[in-house]
$ cat run-v1.tsv   # TSV, C-alpha atoms
chain	number	residue	atom	x	y	z
A	1	MET	CA	175.59	50.45	22.96
A	2	ASN	CA	174.91	54.17	22.53
A	3	SER	CA	174.31	54.60	18.80
A	4	SER	CA	176.15	57.94	18.82
A	5	THR	CA	179.25	56.72	20.65
A	6	PRO	CA	181.82	54.54	18.85
A	7	ALA	CA	182.99	51.52	20.83
A	8	SER	CA	186.58	51.43	22.02
A	9	ALA	CA	188.89	48.70	20.73
A	10	SER	CA	188.67	46.91	24.07
A	11	ALA	CA	184.86	47.00	23.90
A	12	ARG	CA	184.73	45.73	20.34
A	13	ARG	CA	181.98	43.16	19.98
A	14	GLY	CA	180.77	40.72	17.41
A	15	LEU	CA	178.26	41.29	14.66
A	16	PHE	CA	174.60	40.32	14.92
A	17	VAL	CA	172.87	39.55	11.61
A	18	VAL	CA	169.27	38.36	11.32
A	19	LEU	CA	167.45	36.95	8.30
A	20	GLU	CA	163.72	37.56	8.19
A	21	GLY	CA	160.84	37.01	5.79
A	22	GLY	CA	157.72	34.99	5.13
A	23	GLU	CA	157.49	31.23	4.74
A	24	GLY	CA	159.53	29.88	1.85
A	25	ALA	CA	161.57	33.07	1.49
A	26	GLY	CA	164.87	31.16	1.52
A	27	LYS	CA	166.23	32.39	4.86
A	28	THR	CA	167.79	29.08	5.88
A	29	THR	CA	169.53	28.64	2.52
A	30	GLN	CA	170.96	32.14	2.63
A	31	LEU	CA	172.07	31.77	6.24
A	32	ARG	CA	173.97	28.58	5.49
A	33	LEU	CA	175.71	30.14	2.48
A	34	LEU	CA	176.65	33.20	4.52
A	35	GLU	CA	177.92	31.03	7.37
A	36	ALA	CA	180.16	29.05	5.02
A	37	TRP	CA	181.55	32.24	3.46
A	38	LEU	CA	182.35	33.76	6.85
A	39	ARG	CA	184.03	30.59	8.10
A	40	GLN	CA	186.18	30.52	4.98
A	41	GLN	CA	187.44	33.93	6.06
A	42	GLY	CA	188.37	32.56	9.46
A	43	ARG	CA	185.49	34.19	11.32
A	44	ASP	CA	184.00	32.65	14.43
A	45	VAL	CA	180.32	32.15	13.64
A	46	LEU	CA	177.27	31.17	15.66
A	47	ALA	CA	174.48	30.09	13.30
A	48	THR	CA	171.19	29.68	15.12
A	49	ARG	CA	167.41	29.90	14.73
A	50	GLU	CA	164.16	30.92	16.38
A	51	PRO	CA	162.15	29.62	17.95
A	52	GLY	CA	164.90	27.44	19.32
A	53	GLY	CA	168.64	27.89	19.65
A	54	THR	CA	168.81	26.57	23.21
A	55	GLU	CA	167.62	23.41	24.92
A	56	ILE	CA	164.55	25.11	26.35
A	57	GLY	CA	163.93	26.97	23.09
A	58	GLU	CA	163.93	23.75	21.10
A	59	ARG	CA	161.39	22.32	23.54
A	60	ILE	CA	159.19	25.37	23.10
A	61	ARG	CA	159.45	25.22	19.30
A	62	PRO	CA	157.01	22.33	18.76
A	63	LEU	CA	154.52	23.91	21.17
A	64	VAL	CA	154.37	26.93	18.87
A	65	LEU	CA	154.63	25.24	15.48
A	66	GLU	CA	153.27	21.72	15.57
A	67	HIS	CA	149.64	20.69	15.31
A	68	GLY	CA	148.23	18.58	18.13
A	69	GLN	CA	149.55	20.68	21.03
A	70	GLY	CA	146.12	21.71	22.25
A	71	GLU	CA	144.78	25.22	21.89
A	72	VAL	CA	147.51	27.84	21.48
A	73	ASP	CA	145.81	31.23	21.44
A	74	PRO	CA	147.65	34.26	20.00
A	75	ARG	CA	148.65	35.73	23.37
A	76	THR	CA	150.06	32.41	24.55
A	77	GLU	CA	151.89	32.02	21.23
A	78	ALA	CA	153.49	35.45	21.62
A	79	LEU	CA	154.60	34.71	25.17
A	80	LEU	CA	156.05	31.32	24.24
A	81	MET	CA	158.05	32.97	21.46
A	82	ALA	CA	159.29	35.65	23.86
A	83	ALA	CA	160.28	33.04	26.46
A	84	SER	CA	162.27	31.09	23.88
A	85	ARG	CA	163.92	34.33	22.73
A	86	ALA	CA	164.86	35.41	26.25
A	87	ALA	CA	166.73	32.16	26.81
A	88	HIS	CA	168.33	32.44	23.39
A	89	VAL	CA	169.66	35.94	24.01
A	90	GLU	CA	171.01	35.25	27.48
A	91	GLN	CA	172.42	31.78	26.91
A	92	LYS	CA	173.73	31.97	23.34
A	93	ILE	CA	173.59	35.30	21.53
A	94	LYS	CA	175.03	37.67	24.14
A	95	PRO	CA	177.98	35.39	25.04
A	96	ALA	CA	178.83	34.90	21.37
A	97	LEU	CA	178.76	38.64	20.67
A	98	ALA	CA	180.87	39.35	23.75
A	99	ALA	CA	183.44	36.88	22.41
A	100	GLY	CA	183.57	38.76	19.09
A	101	SER	CA	181.74	36.16	17.01
A	102	VAL	CA	179.42	36.81	14.11
A	103	VAL	CA	175.92	35.69	15.09
A	104	LEU	CA	173.60	34.66	12.26
A	105	CYS	CA	170.01	34.10	13.31
A	106	ASP	CA	167.14	32.68	11.29
A	107	ARG	CA	164.33	34.92	12.65
A	108	TYR	CA	164.31	37.21	15.66
A	109	VAL	CA	162.05	39.90	17.15
A	110	ASP	CA	160.66	41.08	13.80
A	111	SER	CA	159.08	37.68	13.26
A	112	SER	CA	157.05	38.12	16.43
A	113	LEU	CA	156.06	41.64	15.42
A	114	ALA	CA	154.92	40.30	12.06
A	115	TYR	CA	153.42	36.94	13.00
A	116	GLN	CA	151.86	37.64	16.38
A	117	GLY	CA	151.60	41.44	16.24
A	118	ALA	CA	150.25	41.87	12.70
A	119	GLY	CA	149.29	38.35	11.65
A	120	ARG	CA	147.47	37.34	14.83
A	121	GLY	CA	146.17	40.85	15.47
A	122	LEU	CA	147.78	41.42	18.89
A	123	GLY	CA	149.25	44.74	17.81
A	124	VAL	CA	152.85	45.39	16.86
A	125	GLU	CA	153.48	47.82	19.74
A	126	ALA	CA	152.25	45.39	22.40
A	127	VAL	CA	154.38	42.55	21.06
A	128	GLU	CA	157.37	44.86	20.72
A	129	GLN	CA	157.15	45.83	24.39
A	130	ILE	CA	157.20	42.19	25.46
A	131	ASN	CA	160.22	41.48	23.31
A	132	GLN	CA	162.15	44.55	24.38
A	133	TRP	CA	162.04	43.17	27.90
A	134	ALA	CA	162.70	39.57	26.84
A	135	THR	CA	165.81	40.54	24.84
A	136	ASP	CA	167.10	43.26	27.17
A	137	SER	CA	166.66	45.54	24.11
A	138	LEU	CA	169.30	43.68	22.09
A	139	ALA	CA	168.81	44.66	18.43
A	140	PRO	CA	170.57	43.21	15.38
A	141	ASP	CA	173.25	45.19	13.59
A	142	LEU	CA	171.71	44.13	10.29
A	143	THR	CA	168.36	42.60	9.41
A	144	VAL	CA	168.00	41.11	5.94
A	145	VAL	CA	164.35	40.91	4.89
A	146	LEU	CA	163.79	38.43	2.08
A	147	ASP	CA	160.61	39.81	0.58
A	148	VAL	CA	158.43	37.02	-0.76
A	149	ASP	CA	155.05	37.34	-2.48
A	150	PRO	CA	152.48	35.23	-0.59
A	151	GLU	CA	151.68	33.25	-3.75
A	152	LEU	CA	155.33	32.38	-4.27
A	153	SER	CA	155.56	31.53	-0.59
A	154	ARG	CA	152.64	29.13	-0.89
A	155	ALA	CA	154.09	27.47	-4.01
A	156	ARG	CA	157.50	27.00	-2.42
A	157	ARG	CA	156.01	25.55	0.75
A	158	ALA	CA	153.90	23.13	-1.27
A	159	ALA	CA	156.92	21.99	-3.29
A	160	ARG	CA	159.03	21.60	-0.17
A	161	ASP	CA	156.41	19.77	1.89
A	162	GLY	CA	154.92	17.63	-0.85
A	163	GLY	CA	151.66	19.54	-0.86
A	164	SER	CA	150.96	19.19	2.87
A	165	ALA	CA	149.26	22.05	4.71
A	166	GLY	CA	152.39	22.73	6.78
A	167	ASP	CA	152.71	23.61	10.46
A	168	ARG	CA	150.30	25.76	12.51
A	169	ILE	CA	151.69	29.00	11.16
A	170	GLU	CA	152.36	27.92	7.59
A	171	SER	CA	148.80	26.67	7.23
A	172	ALA	CA	147.22	29.99	8.24
A	173	GLU	CA	144.90	31.72	5.77
A	174	ALA	CA	146.24	33.72	2.83
A	175	ASP	CA	145.40	37.08	4.42
A	176	PHE	CA	147.62	36.18	7.37
A	177	HIS	CA	150.65	35.83	5.09
A	178	THR	CA	149.82	39.11	3.35
A	179	ARG	CA	149.82	40.88	6.72
A	180	LEU	CA	153.20	39.34	7.51
A	181	ARG	CA	154.74	40.71	4.35
A	182	GLU	CA	153.38	44.19	4.98
A	183	ALA	CA	154.68	44.15	8.56
A	184	PHE	CA	158.22	43.21	7.52
A	185	LEU	CA	158.29	45.93	4.87
A	186	GLN	CA	156.95	48.55	7.25
A	187	ARG	CA	159.61	47.66	9.79
A	188	ALA	CA	162.36	47.97	7.18
A	189	GLU	CA	161.00	51.34	6.07
A	190	ARG	CA	161.06	52.55	9.67
A	191	PHE	CA	164.75	51.68	10.15
A	192	PRO	CA	166.34	51.90	6.69
A	193	THR	CA	169.94	52.03	7.93
A	194	ARG	CA	169.69	48.76	9.83
A	195	TYR	CA	167.60	46.86	7.26
A	196	VAL	CA	168.08	45.66	3.72
A	197	VAL	CA	165.15	44.33	1.70
A	198	LEU	CA	165.92	41.82	-1.06
A	199	ASP	CA	163.62	40.20	-3.59
A	200	ALA	CA	163.28	36.55	-2.58
A	201	SER	CA	162.35	35.61	-6.15
A	202	ASP	CA	165.86	36.48	-7.40
A	203	GLU	CA	168.50	33.81	-8.00
A	204	VAL	CA	169.99	32.37	-4.81
A	205	ASP	CA	173.54	33.41	-5.72
A	206	ALA	CA	172.50	36.95	-6.59
A	207	ILE	CA	170.78	37.36	-3.24
A	208	GLN	CA	173.78	35.93	-1.42
A	209	GLN	CA	176.18	38.35	-3.08
A	210	GLN	CA	174.09	41.30	-1.93
A	211	ILE	CA	174.03	39.99	1.63
A	212	ARG	CA	177.78	39.39	1.65
A	213	GLN	CA	178.45	42.88	0.39
A	214	ARG	CA	176.47	44.45	3.21
A	215	VAL	CA	178.00	42.18	5.86
A	216	ALA	CA	181.51	42.86	4.55
A	217	GLU	CA	180.88	46.60	4.86
A	218	LEU	CA	179.87	46.19	8.49
A	219	LEU	CA	182.79	43.93	9.32
A	220	SER	CA	185.26	46.42	7.84
A	221	ALA	CA	183.90	49.29	9.94
A	222	ASP	CA	185.48	50.38	13.23
A	223	PRO	CA	183.49	49.69	15.30
A	224	TYR	CA	181.47	47.10	13.37
A	225	THR	CA	178.29	49.14	13.36
A	226	VAL	CA	176.55	52.31	14.35
A	227	ARG	CA	173.11	51.14	15.41
A	228	GLU	CA	169.78	52.88	15.32
A	229	ASP	CA	167.52	52.45	18.29
A	230	ALA	CA	165.44	49.25	18.00
$ encode --input "run-v1.tsv" --output "structure tokens"
Amino acid sequence: MNSSTPASASARRGLFVVLEGGEGAGKTTQLRLLEAWLRQQGRDVLATREPGGTEIGERIRPLVLEHGQGEVDPRTEALLMAASRAAHVEQKIKPALAAGSVVLCDRYVDSSLAYQGAGRGLGVEAVEQINQWATDSLAPDLTVVLDVDPELSRARRAARDGGSAGDRIESAEADFHTRLREAFLQRAERFPTRYVVLDASDEVDAIQQQIRQRVAELLSADPYTVREDA
């Protein structure tokens, strides 16, 4: 969609909302609350996640996240994530948007830019190029970044997982998680119209109300959004 050209009524499409943030930020909780609220309004909703969302994506997920899968170097990790995302976009996200549904996704391209680009040191620009091709340049209408301090992230993960080290990514060193946070915030600063940054340490209900307000604004627009370039 040309960001300067409003869509006609016949071309009206759904709304694509992504929740991003570090480990333990509360993305899944907020997505489920938002999904329930939208369904109560009679909206058609696709709630999905990455890596995953499709049969092949769910098979790729353990290769990326679970220990015991052999050596998964950063470049391979980035390509596995992009492969899962390509299937997700073509098989699930694009059809849902074309049907006018609201798509809610737990992680998307920004996670790769943060985790593999910044966290693993591959470079944000290189990872962005891979994902532009993998997604056919499909960008969210709104990205909600739940900003979590790495120490709070660690504490929440420990409480959730009973003190275990977590998966391959969760168990990375503290500096890794600091780089993630910085990458998410830099991305939001670059595209302020399309991003909203919320403090993940706030009360769950308070965060949800802020998300609903922004989503309601987009849904009431005609067309739904005016996008910036990704």
$ closest_residue --input "run-v1.tsv" --among "A:Gln41, A:Ser84, A:Thr193, A:Thr28" --to "A:Leu142" --atoms "all atoms listed in the file"
A:Thr193
$ residues_around --input "run-v1.tsv" --residues "A:Leu152" --least-positions-apart "6" --cutoff "10 Å" --atoms "all atoms listed in the file" --output "list in words"
Glu23, Gly24, Ala25, Ala158, Ala200 and Ser201 of chain A
$ closest_residue --input "run-v1.tsv" --among "A:Gln91, A:Gln30, A:Pro74, A:Leu79" --to "A:Glu55" --atoms "all atoms listed in the file"
A:Gln91
$ atom_distance --input "run-v1.tsv" --atom1 "atom CA of A:Gln129" --atom2 "atom CA of A:Val102"
26.1 Å
$ closest_residue --input "run-v1.tsv" --among "A:Arg61, A:Arg75, A:Arg212, A:Arg85" --to "A:Gln116" --atoms "only C-alpha atoms"
A:Arg75
$ atom_distance --input "run-v1.tsv" --atom1 "atom CA of A:Leu122" --atom2 "atom CA of A:Asp199"
27.5 Å
$ decode --input "run-v1.tsv" --residues "stretch 76-175 of chain A" --atoms "C-alpha atoms" --output "PDB file, in the first residue's frame"
ATOM      1  CA  THR A  76      21.527 -20.181  10.455  1.00  0.00           C
ATOM      2  CA  GLU A  77      19.278 -18.902  13.251  1.00  0.00           C
ATOM      3  CA  ALA A  78      18.433 -15.782  11.254  1.00  0.00           C
ATOM      4  CA  LEU A  79      17.626 -17.790   8.130  1.00  0.00           C
ATOM      5  CA  LEU A  80      15.444 -20.256  10.027  1.00  0.00           C
ATOM      6  CA  MET A  81      13.494 -17.357  11.502  1.00  0.00           C
ATOM      7  CA  ALA A  82      13.088 -15.792   8.059  1.00  0.00           C
ATOM      8  CA  ALA A  83      11.926 -19.097   6.552  1.00  0.00           C
ATOM      9  CA  SER A  84       9.301 -19.511   9.261  1.00  0.00           C
ATOM     10  CA  ARG A  85       8.189 -15.911   8.720  1.00  0.00           C
ATOM     11  CA  ALA A  86       7.909 -16.285   4.949  1.00  0.00           C
ATOM     12  CA  ALA A  87       5.515 -19.202   5.362  1.00  0.00           C
ATOM     13  CA  HIS A  88       3.607 -17.317   8.038  1.00  0.00           C
ATOM     14  CA  VAL A  89       3.073 -14.257   5.859  1.00  0.00           C
ATOM     15  CA  GLU A  90       2.036 -16.157   2.742  1.00  0.00           C
ATOM     16  CA  GLN A  91      -0.086 -18.848   4.353  1.00  0.00           C
ATOM     17  CA  LYS A  92      -1.746 -17.022   7.240  1.00  0.00           C
ATOM     18  CA  ILE A  93      -1.180 -13.283   7.595  1.00  0.00           C
ATOM     19  CA  LYS A  94      -1.808 -12.059   4.040  1.00  0.00           C
ATOM     20  CA  PRO A  95      -5.013 -14.110   3.572  1.00  0.00           C
ATOM     21  CA  ALA A  96      -6.379 -12.906   6.913  1.00  0.00           C
ATOM     22  CA  LEU A  97      -5.665  -9.257   6.084  1.00  0.00           C
ATOM     23  CA  ALA A  98      -7.214  -9.633   2.636  1.00  0.00           C
ATOM     24  CA  ALA A  99     -10.358 -10.967   4.329  1.00  0.00           C
ATOM     25  CA  GLY A 100     -10.510  -7.874   6.556  1.00  0.00           C
ATOM     26  CA  SER A 101      -9.479  -9.573   9.786  1.00  0.00           C
ATOM     27  CA  VAL A 102      -7.438  -8.073  12.587  1.00  0.00           C
ATOM     28  CA  VAL A 103      -4.138  -9.949  12.802  1.00  0.00           C
ATOM     29  CA  LEU A 104      -2.417  -9.986  16.192  1.00  0.00           C
ATOM     30  CA  CYS A 105       1.094 -11.389  16.141  1.00  0.00           C
ATOM     31  CA  ASP A 106       3.366 -12.198  19.065  1.00  0.00           C
ATOM     32  CA  ARG A 107       6.702 -11.108  17.493  1.00  0.00           C
ATOM     33  CA  TYR A 108       7.534 -10.315  13.886  1.00  0.00           C
ATOM     34  CA  VAL A 109      10.435  -8.809  11.923  1.00  0.00           C
ATOM     35  CA  ASP A 110      11.612  -6.522  14.730  1.00  0.00           C
ATOM     36  CA  SER A 111      12.428  -9.559  16.850  1.00  0.00           C
ATOM     37  CA  SER A 112      14.862 -10.754  14.206  1.00  0.00           C
ATOM     38  CA  LEU A 113      16.398  -7.288  13.925  1.00  0.00           C
ATOM     39  CA  ALA A 114      16.844  -7.234  17.695  1.00  0.00           C
ATOM     40  CA  TYR A 115      17.762 -10.849  18.447  1.00  0.00           C
ATOM     41  CA  GLN A 116      19.822 -11.827  15.420  1.00  0.00           C
ATOM     42  CA  GLY A 117      20.791  -8.388  14.108  1.00  0.00           C
ATOM     43  CA  ALA A 118      21.768  -6.701  17.380  1.00  0.00           C
ATOM     44  CA  GLY A 119      21.891  -9.546  19.892  1.00  0.00           C
ATOM     45  CA  ARG A 120      23.844 -12.021  17.763  1.00  0.00           C
ATOM     46  CA  GLY A 121      25.871  -9.298  16.058  1.00  0.00           C
ATOM     47  CA  LEU A 122      24.830 -10.010  12.453  1.00  0.00           C
ATOM     48  CA  GLY A 123      23.911  -6.375  11.847  1.00  0.00           C
ATOM     49  CA  VAL A 124      20.421  -4.933  11.762  1.00  0.00           C
ATOM     50  CA  GLU A 125      20.624  -3.871   8.102  1.00  0.00           C
ATOM     51  CA  ALA A 126      21.668  -7.327   6.893  1.00  0.00           C
ATOM     52  CA  VAL A 127      18.880  -9.048   8.805  1.00  0.00           C
ATOM     53  CA  GLU A 128      16.383  -6.437   7.648  1.00  0.00           C
ATOM     54  CA  GLN A 129      17.217  -7.128   4.001  1.00  0.00           C
ATOM     55  CA  ILE A 130      16.594 -10.850   4.453  1.00  0.00           C
ATOM     56  CA  ASN A 131      13.259 -10.198   6.104  1.00  0.00           C
ATOM     57  CA  GLN A 132      12.103  -7.627   3.570  1.00  0.00           C
ATOM     58  CA  TRP A 133      12.358 -10.362   0.962  1.00  0.00           C
ATOM     59  CA  ALA A 134      10.888 -13.063   3.198  1.00  0.00           C
ATOM     60  CA  THR A 135       7.809 -10.963   4.036  1.00  0.00           C
ATOM     61  CA  ASP A 136       7.367  -9.325   0.627  1.00  0.00           C
ATOM     62  CA  SER A 137       7.869  -6.051   2.567  1.00  0.00           C
ATOM     63  CA  LEU A 138       4.698  -6.539   4.620  1.00  0.00           C
ATOM     64  CA  ALA A 139       4.927  -4.189   7.620  1.00  0.00           C
ATOM     65  CA  PRO A 140       2.571  -3.992  10.607  1.00  0.00           C
ATOM     66  CA  ASP A 141       0.132  -1.117  10.933  1.00  0.00           C
ATOM     67  CA  LEU A 142       1.034  -0.888  14.617  1.00  0.00           C
ATOM     68  CA  THR A 143       3.887  -2.333  16.639  1.00  0.00           C
ATOM     69  CA  VAL A 144       3.538  -2.265  20.416  1.00  0.00           C
ATOM     70  CA  VAL A 145       6.926  -2.477  22.131  1.00  0.00           C
ATOM     71  CA  LEU A 146       6.647  -3.608  25.738  1.00  0.00           C
ATOM     72  CA  ASP A 147       9.840  -2.145  27.145  1.00  0.00           C
ATOM     73  CA  VAL A 148      11.262  -4.373  29.862  1.00  0.00           C
ATOM     74  CA  ASP A 149      14.402  -3.805  31.918  1.00  0.00           C
ATOM     75  CA  PRO A 150      16.725  -6.826  31.526  1.00  0.00           C
ATOM     76  CA  GLU A 151      16.740  -7.389  35.302  1.00  0.00           C
ATOM     77  CA  LEU A 152      12.946  -7.483  35.427  1.00  0.00           C
ATOM     78  CA  SER A 153      13.000  -9.753  32.398  1.00  0.00           C
ATOM     79  CA  ARG A 154      15.336 -12.165  34.163  1.00  0.00           C
ATOM     80  CA  ALA A 155      13.229 -12.164  37.343  1.00  0.00           C
ATOM     81  CA  ARG A 156      10.010 -12.813  35.451  1.00  0.00           C
ATOM     82  CA  ARG A 157      11.557 -15.640  33.447  1.00  0.00           C
ATOM     83  CA  ALA A 158      12.901 -17.242  36.617  1.00  0.00           C
ATOM     84  CA  ALA A 159       9.497 -17.030  38.309  1.00  0.00           C
ATOM     85  CA  ARG A 160       7.734 -18.410  35.253  1.00  0.00           C
ATOM     86  CA  ASP A 161      10.174 -21.264  34.605  1.00  0.00           C
ATOM     87  CA  GLY A 162      10.882 -22.230  38.199  1.00  0.00           C
ATOM     88  CA  GLY A 163      14.433 -20.928  38.073  1.00  0.00           C
ATOM     89  CA  SER A 164      15.492 -22.892  34.980  1.00  0.00           C
ATOM     90  CA  ALA A 165      17.915 -21.305  32.528  1.00  0.00           C
ATOM     91  CA  GLY A 166      15.256 -21.155  29.807  1.00  0.00           C
ATOM     92  CA  ASP A 167      15.555 -21.862  26.082  1.00  0.00           C
ATOM     93  CA  ARG A 168      18.563 -21.099  23.857  1.00  0.00           C
ATOM     94  CA  ILE A 169      17.681 -17.437  23.535  1.00  0.00           C
ATOM     95  CA  GLU A 170      16.386 -16.828  27.047  1.00  0.00           C
ATOM     96  CA  SER A 171      19.572 -18.270  28.531  1.00  0.00           C
ATOM     97  CA  ALA A 172      21.874 -15.903  26.622  1.00  0.00           C
ATOM     98  CA  GLU A 173      24.178 -13.618  28.604  1.00  0.00           C
ATOM     99  CA  ALA A 174      22.908 -10.411  30.221  1.00  0.00           C
ATOM    100  CA  ASP A 175      24.578  -8.165  27.630  1.00  0.00           C
TER     101      ASP A 175
END
